[in-house]
Structures are given as C-alpha cells and as structure tokens.
Amino acid sequence: MQTVHTWCVVCGSDDPRPYQRSMYALRGRSFDLVRCAACGFVYVDPRPDGETLEGMYDDEDYYTEGYNLGVETESYFERREELLAQYDGEVEALEREVGGPASLLELGSAGGFFIEAARRRGWSVRGVELSPVAASFSIEELGLEVFEGQLELAPFPPESFDVCVADNVLEHTTDPLAVLGDLTRLLRPGGHLVVVVPTYVNSAFFRAARDLGRWLPRRLLGPKTLRLLKLDPSHDGGAPYHILEFDRGTLLRLLGRAGFELVSARGSVPRPAHLFKAATLSPAGHLQRLAFVVLDGLMRLGLLPGARLRVVARKPG
Ligand SMILES: [Zn+2]
C-alpha cells in the first residue's frame, strides 16, 4: 500500500494542522486526521492510495460489520424489511420536498433498499455502487438496474435525472468536487441533489468528548457507545473508510463551488441500534437513549449542530 499526501479539497489550501492522531488503522499502518487551517475541513492525511481505498469495499465484511462500527444488531442485508419501511417514509418526505415520483439516481446505492422503496412508490430508479457484494445483491435479489463501479464510468445520458441522492458517500471519496460535477451533469436543470454526510468527527461534540479524556464516564457509556463515539482506544478505529469529515460550512462551500443552490440543510443524530432496538436496557442505557432523543430534537430544530447533516440543493436552470 502506498500513501498519498493530499491538500484540502474544499478550499485548495495545503496548511494541515494535527486534529486526531491514529484515528484509523489499515494493514499495520495508522492514519491521522488533520484540520485545514484555512477553512476547518478535517481529513485523513496522508491517506491510502486510490487502489487500496477502492479495494476496501470488496471486503464482504464491510456490509456486515464495517458499515456501522460494529454496533448494529444485524448485518445490513438482514435489515431488508426494516430498511424498506424506513426508506418508504423517507421517499414520501422527499416527494413533499421536491415533487415526484420522478427519475432518481442514487450514488452509493448499497444493497438497493432506498431505490427499491422509491421504485415501489412509482419512481424510475438507477443506482451506482462500488461494492460488488452490494451491487450483486441489488441486481439479483431486487432486480434493480445498478451500475457496479465508479460514477464517472456509469453509462447514463446527461441531464437524465430529476433527483440524485448521495447518502453517506462523499466522506468516502478522494475528490468530492469531481463527484458533484458528475452529478451536476446527470441532473436536469432545476433538478435536486440530496446529500447526507456524518458531521460528528468534525464537531464540538467529538472535540469535547475527546478532550474529556479520563474524565469521561466510560463505565456509564459502555463499550458500544464508546466505539460509536470513536473514543474507544482499545478498538483500532477501523479502516479509514471516512477520509473526509465535513461540517455544515465546508459542505455548503463545496456544493456552492459545484454550482448548486441551497434549498435546505438539517442536522440530526443517527439512533444507535444497541439503544433503540434492545428488548431490555440497563438504567444507564435508558439514560443514553433519552440523551440521543433530546439531542436529535435539538439538532432537528437547528438549536445544536447535527452529528449528521442532510442538505437538499438544486441545479440552477
Ligand atoms: Zn481548507
């Protein structure tokens, strides 16, 4: 594996400051996060080379363990019915926001559950997915039209989609501006882009929890929550799947550079399965679950920055 030094993909500066040492590990090497002194963007530097990064998604374990830091109670594919039901609600909400049913492309369509939920509501759908395991599942099990590979190689005509979705994708890419450029070309004028990114690592929440260090109530939080908060020193932090860490400012800046107009931006926090699906919970577990519900409410009201951010943007035209 080669490593590559990169500069800030949001503002173009090469002025990295230390942010978090040894955040990730891959094949015996550890990887650090740095923060751009000019714009505050956080990223892995140096990062593994492109071939190594792409190869990480060939690993079948990505969809049983890697995708959720090992805290989901079932593998991704076993969550079929749960995810189809959840995405039906999300597509319904999308129809209220941008209209539809219409034609939709999902970049990073994984096992295809989101686009399948959209198809069942009358949308015309396509997917692009890097993981061979996930792409095959969506094609063979769900009968979807999914292109396995990089978006730039996908054979779609320009301006052929009304809506493009990239849910938890941009943080995995080496050149998100180029990805947004490809999506711009595929969207019809006036079409909408939905982007969801995690923003926790580049947030005051992570910095506060990290800086608490030994004052953190580790026993009360338990190993799963510590791992989810990326604060478990005995866990190697996993492979560097997320090589970019956005916050609201850097994501909106990048979308602006790609020519998009902002429609809406809303923060929230993912609900950890070990707290929200458990049959029984300890008193500490109940307390944590309540904390997540309260945080999520405050984030959705815009009173706190989110641990993830969902942005709807529009291609002018
Ligand atoms: Zn920067």
# chains A, B, ... in the order shown; residues from 1 in each chain; ligands from 1

call {"tool": "select_by_dssp", "arguments": {"residues": "region 148-199 of chain A", "states": "strand (DSSP E)", "output": "PyMOL selection string"}}
result
chain A and resi 148+161-167+187-198

call {"tool": "closest_atom_pairs", "arguments": {"of": "chain A", "to": "ligand 1", "cutoff": "7 Å", "atoms": "only C-alpha atoms and all ligand atoms", "output": "JSON lines"}}
result
{"residue": "A:Cys8", "atom": "CA", "partner": "ligand 1", "partner_atom_place_in_ligand_line": "1 (Zn)", "distance": 4.6}
{"residue": "A:Val9", "atom": "CA", "partner": "ligand 1", "partner_atom_place_in_ligand_line": "1 (Zn)", "distance": 6.7}
{"residue": "A:Val10", "atom": "CA", "partner": "ligand 1", "partner_atom_place_in_ligand_line": "1 (Zn)", "distance": 5.2}
{"residue": "A:Cys11", "atom": "CA", "partner": "ligand 1", "partner_atom_place_in_ligand_line": "1 (Zn)", "distance": 4.2}
{"residue": "A:Gly12", "atom": "CA", "partner": "ligand 1", "partner_atom_place_in_ligand_line": "1 (Zn)", "distance": 5.9}
{"residue": "A:Ser13", "atom": "CA", "partner": "ligand 1", "partner_atom_place_in_ligand_line": "1 (Zn)", "distance": 5.3}
{"residue": "A:Cys36", "atom": "CA", "partner": "ligand 1", "partner_atom_place_in_ligand_line": "1 (Zn)", "distance": 4.6}
{"residue": "A:Ala37", "atom": "CA", "partner": "ligand 1", "partner_atom_place_in_ligand_line": "1 (Zn)", "distance": 6.7}
{"residue": "A:Ala38", "atom": "CA", "partner": "ligand 1", "partner_atom_place_in_ligand_line": "1 (Zn)", "distance": 5.0}
{"residue": "A:Cys39", "atom": "CA", "partner": "ligand 1", "partner_atom_place_in_ligand_line": "1 (Zn)", "distance": 4.1}
{"residue": "A:Gly40", "atom": "CA", "partner": "ligand 1", "partner_atom_place_in_ligand_line": "1 (Zn)", "distance": 6.0}
{"residue": "A:Phe41", "atom": "CA", "partner": "ligand 1", "partner_atom_place_in_ligand_line": "1 (Zn)", "distance": 5.3}

call {"tool": "residues_around", "arguments": {"residues": "region 50-54 of chain A", "least_positions_apart": "2", "cutoff": "12 Å", "atoms": "only C-alpha atoms", "output": "PyMOL selection string"}}
result
chain A and resi 1-6+26-27+46-48+56-59+129-132+149-150+172-175+239-243

call {"tool": "residues_around", "arguments": {"residues": "Gly249 (chain A)", "least_positions_apart": "4", "cutoff": "12 Å", "atoms": "only C-alpha atoms", "output": "list in words"}}
result
Val10, Cys11, Cys39, Gly40, Phe41, Val42, Thr199, Asn202, Ser203, Glu245, Arg253, Leu254, Leu255, Gly256, Ala265, Pro305, Leu309 and Val311 of chain A

call {"tool": "write_last_selection", "arguments": {"atoms": "C-alpha atoms", "output": "CSV table (one decimal), in the first residue's frame"}}
result
chain,number,residue,atom,x,y,z
A,10,VAL,CA,-12.8,22.2,-0.1
A,11,CYS,CA,-10.6,25.3,-0.3
A,39,CYS,CA,-11.3,26.5,6.3
A,40,GLY,CA,-11.6,24.0,9.1
A,41,PHE,CA,-12.1,20.9,6.9
A,42,VAL,CA,-10.9,17.7,8.5
A,199,THR,CA,-20.5,15.6,10.7
A,202,ASN,CA,-15.6,17.5,12.7
A,203,SER,CA,-17.8,18.8,15.5
A,245,GLU,CA,-15.0,14.9,7.6
A,253,ARG,CA,-19.0,25.7,0.4
A,254,LEU,CA,-18.2,22.6,-1.7
A,255,LEU,CA,-21.8,22.5,-3.0
A,256,GLY,CA,-21.5,26.2,-3.9
A,265,ALA,CA,-30.0,21.9,5.4
A,305,PRO,CA,-25.2,21.4,15.1
A,309,LEU,CA,-26.3,16.7,8.0
A,311,VAL,CA,-28.7,19.0,2.5

call {"tool": "closest_residue", "arguments": {"among": "A:Arg185, A:Phe156, A:Tyr19, A:Arg80", "to": "Asp211 (chain A)", "atoms": "only C-alpha atoms"}}
result
A:Tyr19

call {"tool": "residues_around", "arguments": {"residues": "Pro270 (chain A)", "least_positions_apart": "6", "cutoff": "12 Å", "atoms": "only C-alpha atoms", "output": "PyMOL selection string"}}
result
chain A and resi 68+71-72+168+196-200+228-229+276+289+292-293+295-297+299-300+306-310

call {"tool": "write_last_selection", "arguments": {"atoms": "C-alpha atoms", "output": "PDB file, in the first residue's frame"}}
result
ATOM      1  CA  ASN A  68     -21.695   0.758  11.245  1.00  0.00           C
ATOM      2  CA  VAL A  71     -22.839  -1.611  16.728  1.00  0.00           C
ATOM      3  CA  GLU A  72     -25.794  -2.554  14.503  1.00  0.00           C
ATOM      4  CA  ASN A 168     -23.172   8.765   3.349  1.00  0.00           C
ATOM      5  CA  VAL A 196     -26.233  13.255   3.674  1.00  0.00           C
ATOM      6  CA  VAL A 197     -22.876  13.283   5.470  1.00  0.00           C
ATOM      7  CA  PRO A 198     -21.783  12.473   9.004  1.00  0.00           C
ATOM      8  CA  THR A 199     -20.524  15.623  10.726  1.00  0.00           C
ATOM      9  CA  TYR A 200     -19.770  14.232  14.167  1.00  0.00           C
ATOM     10  CA  LEU A 228     -19.778   4.708  18.171  1.00  0.00           C
ATOM     11  CA  LEU A 229     -18.371   7.956  19.563  1.00  0.00           C
ATOM     12  CA  PHE A 276     -33.127   1.795  20.265  1.00  0.00           C
ATOM     13  CA  ARG A 289     -31.363   6.653  24.867  1.00  0.00           C
ATOM     14  CA  PHE A 292     -29.972  10.725  21.991  1.00  0.00           C
ATOM     15  CA  VAL A 293     -33.693  11.614  21.682  1.00  0.00           C
ATOM     16  CA  LEU A 295     -30.015  15.757  21.160  1.00  0.00           C
ATOM     17  CA  ASP A 296     -31.816  14.689  17.967  1.00  0.00           C
ATOM     18  CA  GLY A 297     -34.745  17.001  18.741  1.00  0.00           C
ATOM     19  CA  MET A 299     -30.479  19.246  16.206  1.00  0.00           C
ATOM     20  CA  ARG A 300     -33.613  18.995  14.053  1.00  0.00           C
ATOM     21  CA  GLY A 306     -26.037  17.891  13.917  1.00  0.00           C
ATOM     22  CA  ALA A 307     -23.936  14.746  14.163  1.00  0.00           C
ATOM     23  CA  ARG A 308     -25.025  14.224  10.559  1.00  0.00           C
ATOM     24  CA  LEU A 309     -26.251  16.737   8.023  1.00  0.00           C
ATOM     25  CA  ARG A 310     -28.830  16.376   5.240  1.00  0.00           C
TER      26      ARG A 310
END

call {"tool": "closest_residue", "arguments": {"among": "A:Ser30, A:Ser109, A:Ser124, A:Gln20", "to": "Phe137 (chain A)", "atoms": "only C-alpha atoms"}}
result
A:Ser109
